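Data block for final.csv (CSV, C-alpha atoms):
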```
chain,number,residue,atom,x,y,z
A,1,MET,CA,122.9,-53.5,40.4
A,2,GLU,CA,120.9,-54.0,43.6
A,3,LEU,CA,118.0,-51.8,44.7
A,4,ILE,CA,118.8,-49.1,47.2
A,5,SER,CA,116.0,-47.6,49.3
A,6,VAL,CA,116.6,-44.0,50.1
A,7,ILE,CA,114.4,-42.7,53.0
A,8,ILE,CA,113.8,-38.9,53.3
A,9,PRO,CA,111.8,-37.7,56.3
A,10,ILE,CA,110.2,-34.3,55.5
A,11,TYR,CA,109.0,-31.6,57.7
A,12,LYS,CA,108.9,-27.8,57.2
A,13,VAL,CA,111.8,-27.7,54.7
A,14,GLU,CA,110.1,-26.3,51.6
A,15,GLU,CA,113.0,-23.9,51.0
A,16,TYR,CA,115.5,-26.8,50.8
A,17,LEU,CA,113.5,-29.8,49.6
A,18,ASP,CA,113.9,-29.4,45.9
A,19,HIS,CA,117.7,-29.2,46.2
A,20,CYS,CA,117.7,-32.3,48.4
A,21,ILE,CA,115.5,-34.4,46.1
A,22,LYS,CA,117.2,-33.3,42.9
A,23,SER,CA,120.6,-34.4,44.3
A,24,ILE,CA,119.1,-37.9,44.8
A,25,VAL,CA,117.2,-38.1,41.5
A,26,ASP,CA,120.4,-37.1,39.6
A,27,GLN,CA,122.5,-39.8,41.1
A,28,THR,CA,124.8,-41.8,38.8
A,29,TYR,CA,123.5,-44.9,40.5
A,30,ARG,CA,120.1,-45.3,39.0
A,31,ASN,CA,118.5,-48.3,40.7
A,32,LEU,CA,117.0,-46.3,43.6
A,33,GLU,CA,113.7,-46.5,45.4
A,34,ILE,CA,113.2,-43.0,46.7
A,35,ILE,CA,110.7,-42.9,49.7
A,36,LEU,CA,109.6,-39.4,50.6
A,37,VAL,CA,107.9,-39.4,54.1
A,38,ASP,CA,105.8,-36.3,54.5
A,39,ASP,CA,105.6,-36.2,58.3
A,40,GLY,CA,102.6,-33.9,58.4
A,41,SER,CA,104.5,-30.9,57.2
A,42,PRO,CA,102.3,-27.8,57.4
A,43,ASP,CA,104.0,-25.9,54.5
A,44,LYS,CA,104.2,-26.7,50.7
A,45,CYS,CA,106.3,-29.8,51.2
A,46,PRO,CA,103.5,-32.3,50.7
A,47,LEU,CA,102.7,-30.7,47.4
A,48,LYS,CA,106.3,-30.7,46.3
A,49,CYS,CA,106.6,-34.4,47.2
A,50,ASP,CA,103.6,-35.2,45.0
A,51,GLU,CA,105.0,-33.1,42.1
A,52,TRP,CA,108.3,-35.0,42.3
A,53,ALA,CA,106.5,-38.3,42.3
A,54,GLU,CA,104.8,-37.3,39.0
A,55,ARG,CA,108.2,-36.5,37.5
A,56,ASP,CA,110.1,-39.6,38.5
A,57,GLY,CA,108.6,-43.1,38.8
A,58,ARG,CA,111.2,-44.2,41.3
A,59,ILE,CA,109.7,-41.9,43.9
A,60,ARG,CA,107.1,-43.1,46.4
A,61,VAL,CA,105.3,-40.6,48.7
A,62,ILE,CA,103.9,-41.3,52.1
A,63,HIS,CA,101.8,-38.7,53.8
A,64,LYS,CA,101.3,-39.2,57.5
A,65,LYS,CA,100.4,-37.5,60.7
A,66,ASN,CA,103.4,-35.7,62.4
A,67,GLY,CA,105.2,-38.2,64.6
A,68,GLY,CA,108.8,-36.9,64.5
A,69,LEU,CA,112.0,-37.9,62.7
A,70,SER,CA,112.3,-41.4,64.2
A,71,ASP,CA,108.7,-42.3,63.4
A,72,ALA,CA,109.1,-41.1,59.8
A,73,ARG,CA,112.2,-43.1,59.3
A,74,ASN,CA,110.6,-46.2,60.8
A,75,VAL,CA,107.6,-45.8,58.5
A,76,GLY,CA,109.9,-45.5,55.5
A,77,MET,CA,111.8,-48.6,56.5
A,78,SER,CA,108.5,-50.6,56.9
A,79,VAL,CA,107.8,-50.1,53.2
A,80,ALA,CA,111.3,-50.2,51.8
A,81,THR,CA,112.0,-53.1,49.4
A,82,GLY,CA,115.7,-52.5,48.6
A,83,SER,CA,118.6,-54.7,49.6
A,84,TYR,CA,120.3,-51.6,51.0
A,85,ILE,CA,118.9,-48.6,53.0
A,86,SER,CA,120.1,-45.0,53.2
A,87,PHE,CA,118.7,-42.0,55.1
A,88,ILE,CA,119.0,-38.4,53.9
A,89,ASP,CA,117.8,-35.4,55.9
A,90,SER,CA,115.5,-33.3,53.8
A,91,ASP,CA,117.5,-30.0,54.1
A,92,ASP,CA,120.8,-31.7,53.1
A,93,TRP,CA,122.2,-33.0,49.8
A,94,ILE,CA,124.7,-35.5,48.4
A,95,SER,CA,127.3,-35.5,45.7
A,96,PRO,CA,126.2,-37.0,42.3
A,97,ASP,CA,128.3,-40.2,42.7
A,98,PHE,CA,127.4,-40.8,46.4
A,99,TYR,CA,125.5,-44.1,46.0
A,100,GLU,CA,127.7,-45.4,43.1
A,101,LYS,CA,130.8,-45.1,45.2
A,102,LEU,CA,129.3,-46.3,48.4
A,103,TYR,CA,127.7,-49.3,46.7
A,104,ARG,CA,130.9,-50.2,44.9
A,105,SER,CA,132.9,-49.9,48.2
A,106,ILE,CA,130.4,-52.3,49.9
A,107,THR,CA,130.4,-54.9,47.2
A,108,GLU,CA,134.1,-54.8,46.5
A,109,SER,CA,135.0,-55.0,50.2
A,110,ASN,CA,132.2,-57.5,51.1
A,111,ALA,CA,131.1,-55.0,53.8
A,112,GLN,CA,127.7,-54.3,55.3
A,113,ILE,CA,128.1,-50.5,55.9
A,114,ALA,CA,129.8,-47.8,53.8
A,115,ALA,CA,130.1,-44.2,55.0
A,116,GLY,CA,130.8,-41.2,53.0
A,117,GLY,CA,132.6,-38.0,53.9
A,118,ILE,CA,130.8,-35.1,55.6
A,119,VAL,CA,130.8,-31.5,54.5
A,120,TRP,CA,129.4,-28.9,56.9
A,121,ALA,CA,127.5,-26.5,54.6
A,122,TYR,CA,127.3,-23.0,56.0
A,123,ASN,CA,125.6,-20.1,54.2
A,124,ASP,CA,128.9,-18.6,53.1
A,125,HIS,CA,131.4,-21.6,53.0
A,126,LEU,CA,131.9,-25.3,53.0
A,127,GLN,CA,133.9,-27.0,55.7
A,128,TYR,CA,135.3,-30.4,54.8
A,129,ASP,CA,136.1,-33.0,57.4
A,130,ASP,CA,139.9,-33.2,57.8
A,131,PHE,CA,139.7,-36.9,58.6
A,132,ILE,CA,140.0,-38.1,55.0
A,133,TYR,CA,140.3,-41.6,53.5
A,134,ASP,CA,140.0,-42.5,49.9
A,135,ARG,CA,138.8,-45.9,51.0
A,136,HIS,CA,139.6,-47.6,54.3
A,137,ILE,CA,138.2,-50.9,55.7
A,138,PHE,CA,137.3,-51.3,59.3
A,139,SER,CA,136.3,-54.1,61.6
A,140,ALA,CA,133.2,-53.4,63.8
A,141,GLU,CA,135.5,-52.9,66.8
A,142,ASP,CA,137.8,-50.4,65.0
A,143,ALA,CA,134.8,-48.5,63.6
A,144,LEU,CA,133.2,-48.3,67.1
A,145,LYS,CA,136.4,-46.9,68.4
A,146,THR,CA,136.3,-44.0,65.9
A,147,LEU,CA,132.6,-43.5,66.7
A,148,ILE,CA,133.5,-43.1,70.4
A,149,GLN,CA,136.2,-40.7,69.5
A,150,GLY,CA,133.8,-38.7,67.3
A,151,ARG,CA,136.0,-39.0,64.2
A,152,GLY,CA,135.6,-41.4,61.2
A,153,PHE,CA,132.4,-43.3,61.7
A,154,TYR,CA,130.3,-40.6,63.2
A,155,ALA,CA,127.2,-41.6,65.1
A,156,VAL,CA,124.9,-40.2,62.5
A,157,ALA,CA,122.5,-42.2,60.3
A,158,TRP,CA,122.5,-40.1,57.2
A,159,ASN,CA,125.9,-40.3,55.6
A,160,LYS,CA,125.9,-44.1,55.2
A,161,LEU,CA,124.6,-47.0,53.1
A,162,TYR,CA,123.5,-50.1,55.1
A,163,LYS,CA,122.7,-53.7,54.3
A,164,LYS,CA,119.0,-53.7,55.1
A,165,SER,CA,119.3,-56.9,57.1
A,166,LEU,CA,121.2,-55.0,59.8
A,167,PHE,CA,118.0,-53.3,60.8
A,168,ASP,CA,116.3,-56.6,61.8
A,169,GLY,CA,115.1,-55.9,65.4
A,170,ILE,CA,116.3,-52.3,65.3
A,171,GLU,CA,114.2,-49.1,65.0
A,172,PHE,CA,114.8,-45.5,65.8
A,173,PRO,CA,113.4,-44.4,69.2
A,174,ILE,CA,110.2,-42.4,68.9
A,175,GLY,CA,110.1,-39.1,70.8
A,176,LYS,CA,113.9,-38.9,71.4
A,177,LEU,CA,116.2,-36.2,70.3
A,178,HIS,CA,119.7,-37.4,69.1
A,179,GLU,CA,117.9,-40.5,67.9
A,180,ASP,CA,120.9,-41.6,65.9
A,181,GLU,CA,123.0,-42.0,69.1
A,182,PHE,CA,120.6,-44.7,70.2
A,183,VAL,CA,120.9,-46.7,67.0
A,184,THR,CA,124.1,-46.2,65.0
A,185,TYR,CA,126.4,-48.0,67.4
A,186,LYS,CA,124.2,-51.1,67.3
A,187,LEU,CA,124.3,-51.2,63.5
A,188,VAL,CA,128.1,-50.7,63.5
A,189,GLY,CA,128.4,-53.4,66.1
A,190,LYS,CA,126.4,-55.9,64.0
A,191,ALA,CA,128.5,-55.5,60.9
A,192,THR,CA,131.5,-57.7,60.3
A,193,LYS,CA,133.2,-55.2,58.0
A,194,LEU,CA,132.7,-51.5,57.3
A,195,VAL,CA,134.2,-49.2,54.7
A,196,LEU,CA,134.9,-45.5,55.0
A,197,CYS,CA,135.3,-43.6,51.7
A,198,GLN,CA,135.2,-39.9,52.6
A,199,LYS,CA,136.0,-38.6,49.2
A,200,VAL,CA,132.4,-38.9,48.3
A,201,PHE,CA,130.4,-36.3,50.1
A,202,TYR,CA,127.3,-35.7,52.2
A,203,TYR,CA,126.5,-32.0,52.5
A,204,TYR,CA,125.2,-31.3,56.0
A,205,ARG,CA,123.4,-28.0,56.0
A,206,GLN,CA,124.0,-25.7,59.0
A,207,ARG,CA,120.8,-23.8,59.7
A,208,GLU,CA,120.4,-21.0,62.3
A,209,GLY,CA,117.6,-21.8,64.8
A,210,SER,CA,117.8,-25.5,64.2
A,211,ILE,CA,116.7,-27.6,67.2
A,212,MET,CA,120.1,-29.3,67.1
A,213,LYS,CA,121.9,-25.9,67.6
A,214,GLU,CA,119.8,-24.5,70.5
A,215,TRP,CA,120.6,-26.4,73.7
A,216,SER,CA,117.6,-27.5,75.8
A,217,ILE,CA,116.7,-30.1,78.4
A,218,ARG,CA,115.7,-32.4,75.5
A,219,HIS,CA,119.4,-32.7,74.5
A,220,LEU,CA,119.8,-34.9,77.7
A,221,ASP,CA,118.4,-37.7,75.6
A,222,ALA,CA,121.9,-38.0,74.2
A,223,LEU,CA,123.3,-38.8,77.6
A,224,ASP,CA,120.8,-41.6,78.0
A,225,ALA,CA,122.0,-43.0,74.7
A,226,PHE,CA,125.6,-42.8,75.8
A,227,PHE,CA,124.8,-44.8,78.9
A,228,GLN,CA,123.0,-47.4,76.8
A,229,ARG,CA,126.0,-47.6,74.5
A,230,ASN,CA,128.4,-48.1,77.4
A,231,LYS,CA,126.3,-51.1,78.6
A,232,TYR,CA,126.3,-52.5,75.1
A,233,LEU,CA,130.1,-52.2,74.8
A,234,GLU,CA,130.6,-53.8,78.2
A,235,LYS,CA,128.7,-56.8,77.0
A,236,ASN,CA,129.8,-57.0,73.4
A,237,TYR,CA,133.1,-55.1,73.0
A,238,PRO,CA,134.8,-55.1,76.4
A,239,LYS,CA,138.1,-53.7,75.0
A,240,LEU,CA,136.3,-50.5,74.2
A,241,TYR,CA,134.3,-50.3,77.4
A,242,VAL,CA,136.8,-48.5,79.6
A,243,SER,CA,137.7,-45.8,77.1
A,244,ASP,CA,134.0,-45.3,76.5
A,245,LYS,CA,133.5,-44.7,80.2
A,246,VAL,CA,136.0,-41.8,80.0
A,247,THR,CA,133.9,-40.4,77.1
A,248,LEU,CA,130.8,-40.9,79.2
A,249,LEU,CA,132.2,-39.1,82.2
A,250,MET,CA,133.3,-36.1,80.1
A,251,ALA,CA,129.8,-36.0,78.5
A,252,CYS,CA,128.3,-35.7,82.0
A,253,VAL,CA,130.6,-32.7,82.6
A,254,VAL,CA,129.5,-31.1,79.3
A,255,PHE,CA,125.8,-31.7,79.9
A,256,PHE,CA,126.0,-30.5,83.6
A,257,ARG,CA,127.6,-27.2,82.4
A,258,GLU,CA,124.9,-26.8,79.7
A,259,CYS,CA,122.2,-27.4,82.3
A,260,SER,CA,123.7,-24.8,84.6
A,261,LYS,CA,123.0,-22.2,81.9
A,262,LEU,CA,119.3,-22.8,82.1
A,263,GLU,CA,116.8,-22.0,84.7
A,264,ASP,CA,114.7,-24.6,86.7
A,265,CYS,CA,116.9,-27.6,86.0
A,266,GLN,CA,118.1,-28.5,89.4
A,267,SER,CA,116.6,-32.0,89.2
A,268,GLU,CA,118.4,-32.6,85.9
A,269,LYS,CA,121.7,-31.5,87.3
A,270,LYS,CA,121.2,-33.7,90.4
A,271,LYS,CA,120.5,-36.6,88.1
A,272,ILE,CA,123.6,-36.0,86.0
A,273,ARG,CA,125.8,-35.7,89.1
A,274,GLN,CA,124.4,-39.0,90.5
A,275,SER,CA,124.9,-40.7,87.1
A,276,SER,CA,128.5,-39.5,87.1
A,277,LYS,CA,129.1,-41.2,90.5
A,278,ASN,CA,128.0,-44.5,89.0
A,279,ILE,CA,130.9,-44.3,86.4
A,280,LYS,CA,133.6,-46.0,88.4
A,281,PHE,CA,137.1,-47.1,87.5
A,282,ASN,CA,139.2,-49.8,89.3
A,283,ILE,CA,143.0,-49.7,89.4
A,284,LYS,CA,143.3,-52.1,86.5
A,285,GLU,CA,141.2,-50.0,84.3
A,286,LEU,CA,143.0,-46.8,85.3
A,287,CYS,CA,146.3,-48.4,84.4
A,288,MET,CA,144.9,-49.2,80.9
A,289,LEU,CA,144.3,-45.6,80.1
A,290,ASP,CA,146.7,-43.2,78.3
A,291,ARG,CA,147.8,-40.0,80.0
A,292,LYS,CA,145.2,-37.8,78.4
A,293,SER,CA,142.3,-40.2,79.3
A,294,LEU,CA,143.6,-40.5,82.8
A,295,LEU,CA,143.7,-36.7,83.2
A,296,ASN,CA,140.1,-36.5,81.9
A,297,VAL,CA,139.0,-39.0,84.6
A,298,ILE,CA,140.7,-36.9,87.3
A,299,LYS,CA,139.2,-33.7,85.9
A,300,GLY,CA,135.7,-35.3,85.7
A,301,LYS,CA,135.8,-36.7,89.2
A,302,VAL,CA,137.1,-33.4,90.7
A,303,PHE,CA,134.5,-31.4,88.8
A,304,PHE,CA,131.6,-33.4,90.2
A,305,ALA,CA,133.2,-33.5,93.7
A,306,TYR,CA,132.6,-29.8,93.8
A,307,ALA,CA,129.4,-29.8,91.8
A,308,TYR,CA,127.2,-30.7,94.8
A,309,ARG,CA,127.0,-27.0,95.7
A,310,TYR,CA,124.9,-26.5,92.5
A,311,CYS,CA,122.5,-29.3,93.3
A,312,LYS,CA,121.1,-28.0,96.6
```
How would this structure read if it were set down as structure tokens?
Amino acid sequence: MELISVIIPIYKVEEYLDHCIKSIVDQTYRNLEIILVDDGSPDKCPLKCDEWAERDGRIRVIHKKNGGLSDARNVGMSVATGSYISFIDSDDWISPDFYEKLYRSITESNAQIAAGGIVWAYNDHLQYDDFIYDRHIFSAEDALKTLIQGRGFYAVAWNKLYKKSLFDGIEFPIGKLHEDEFVTYKLVGKATKLVLCQKVFYYYRQREGSIMKEWSIRHLDALDAFFQRNKYLEKNYPKLYVSDKVTLLMACVVFFRECSKLEDCQSEKKKIRQSSKNIKFNIKELCMLDRKSLLNVIKGKVFFAYAYRYCK
């Protein structure tokens, strides 16, 4: 049984932290290194972390100045000693057999990444992902295809178990929102085999007032990540490049509309419109697209043809 390093960045989650940590401590897979990264949390989280470390010898606590989620994850990775790495957000929790099943899936399939199923945990109900596999093996290209589609291998860091070696040369970008979007596609692209076993669950807590729920200019970081992903695919997975351009164009439409709801973001809207003009399709590429994708290209281009009136 190889060592798994579980990295939990922690900031202002004292109401949920015990539930999160208990779900990890109680795992049926016991060979865990649990790294709690207190990212300068101003509440009782630092004390709770220390109390948990006294209770369980597998827990290591790092107290640091606040630097954001990416910085906390990177610090955790710098001290991790396991053969595998996993990330858990400190307001979420996992099913008791989460690591046992993901580890077994990786070793039996000779894979480098295993992903579990996601359950959206609302205050009054749980919503299970309807894209369910008991266990399904993917190539990197097939997994990236589902990532682009937003189904299957989601572009999130936290419902997965990774071979630690995949992170050689890769860190989370400090100061960015949607930091997972900058990283996950690179990790998936480096793997030779991935396994999806969605009948083991990661519970993703839905909190009102969360920064991920309230749209702001900072969310444009995701668009930067999408453009970087498209360049990566052009170079490394050209078969996916064209379909990802369609996704990128539609993302520009969505972000432009969201910006239009805010005040004083004319420069951002102008930037998005200019970026959309750089997403070009030749005849050969258009012929490769299915009907739905082709219609999306037409809709996107027509949308931005008229959007100039909002950019003055």
Item checked: Separation of atom CA of Lys280 of chain A from atom CA of Lys245 of chain A, in Å and rounded to one decimal ->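 Between atom CA of Lys280 of chain A and atom CA of Lys245 of chain A the gap is 8.3 Å.
Note that atom CA of Gln112 of chain A and atom CA of Ala191 of chain A are 5.8 Å apart.
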Next item on the list: Using all atoms listed in the file, collect all residues at a distance of at most 9 Å from (127.2, -44.3, 56.6) as written in the file, then present them as a ChimeraX atom specification.
Entry: /A:86-87,102,113-117,153-162,195-196
Item checked: Length of the atom CA of Asp97 of chain A to atom CA of Ile7 of chain A vector [Å] ->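 Calculated distance between atom CA of Asp97 of chain A and atom CA of Ile7 of chain A is 17.5 Å.
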Notebook entry, point to check: Given the choices A:Asp38, A:Glu33, A:Asp180, A:Asp92, which gets closest to Gly57 of chain A if the distance is worked out from all atoms listed in the file?
Noted result: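 The closest residue to Gly57 of chain A is A:Glu33.
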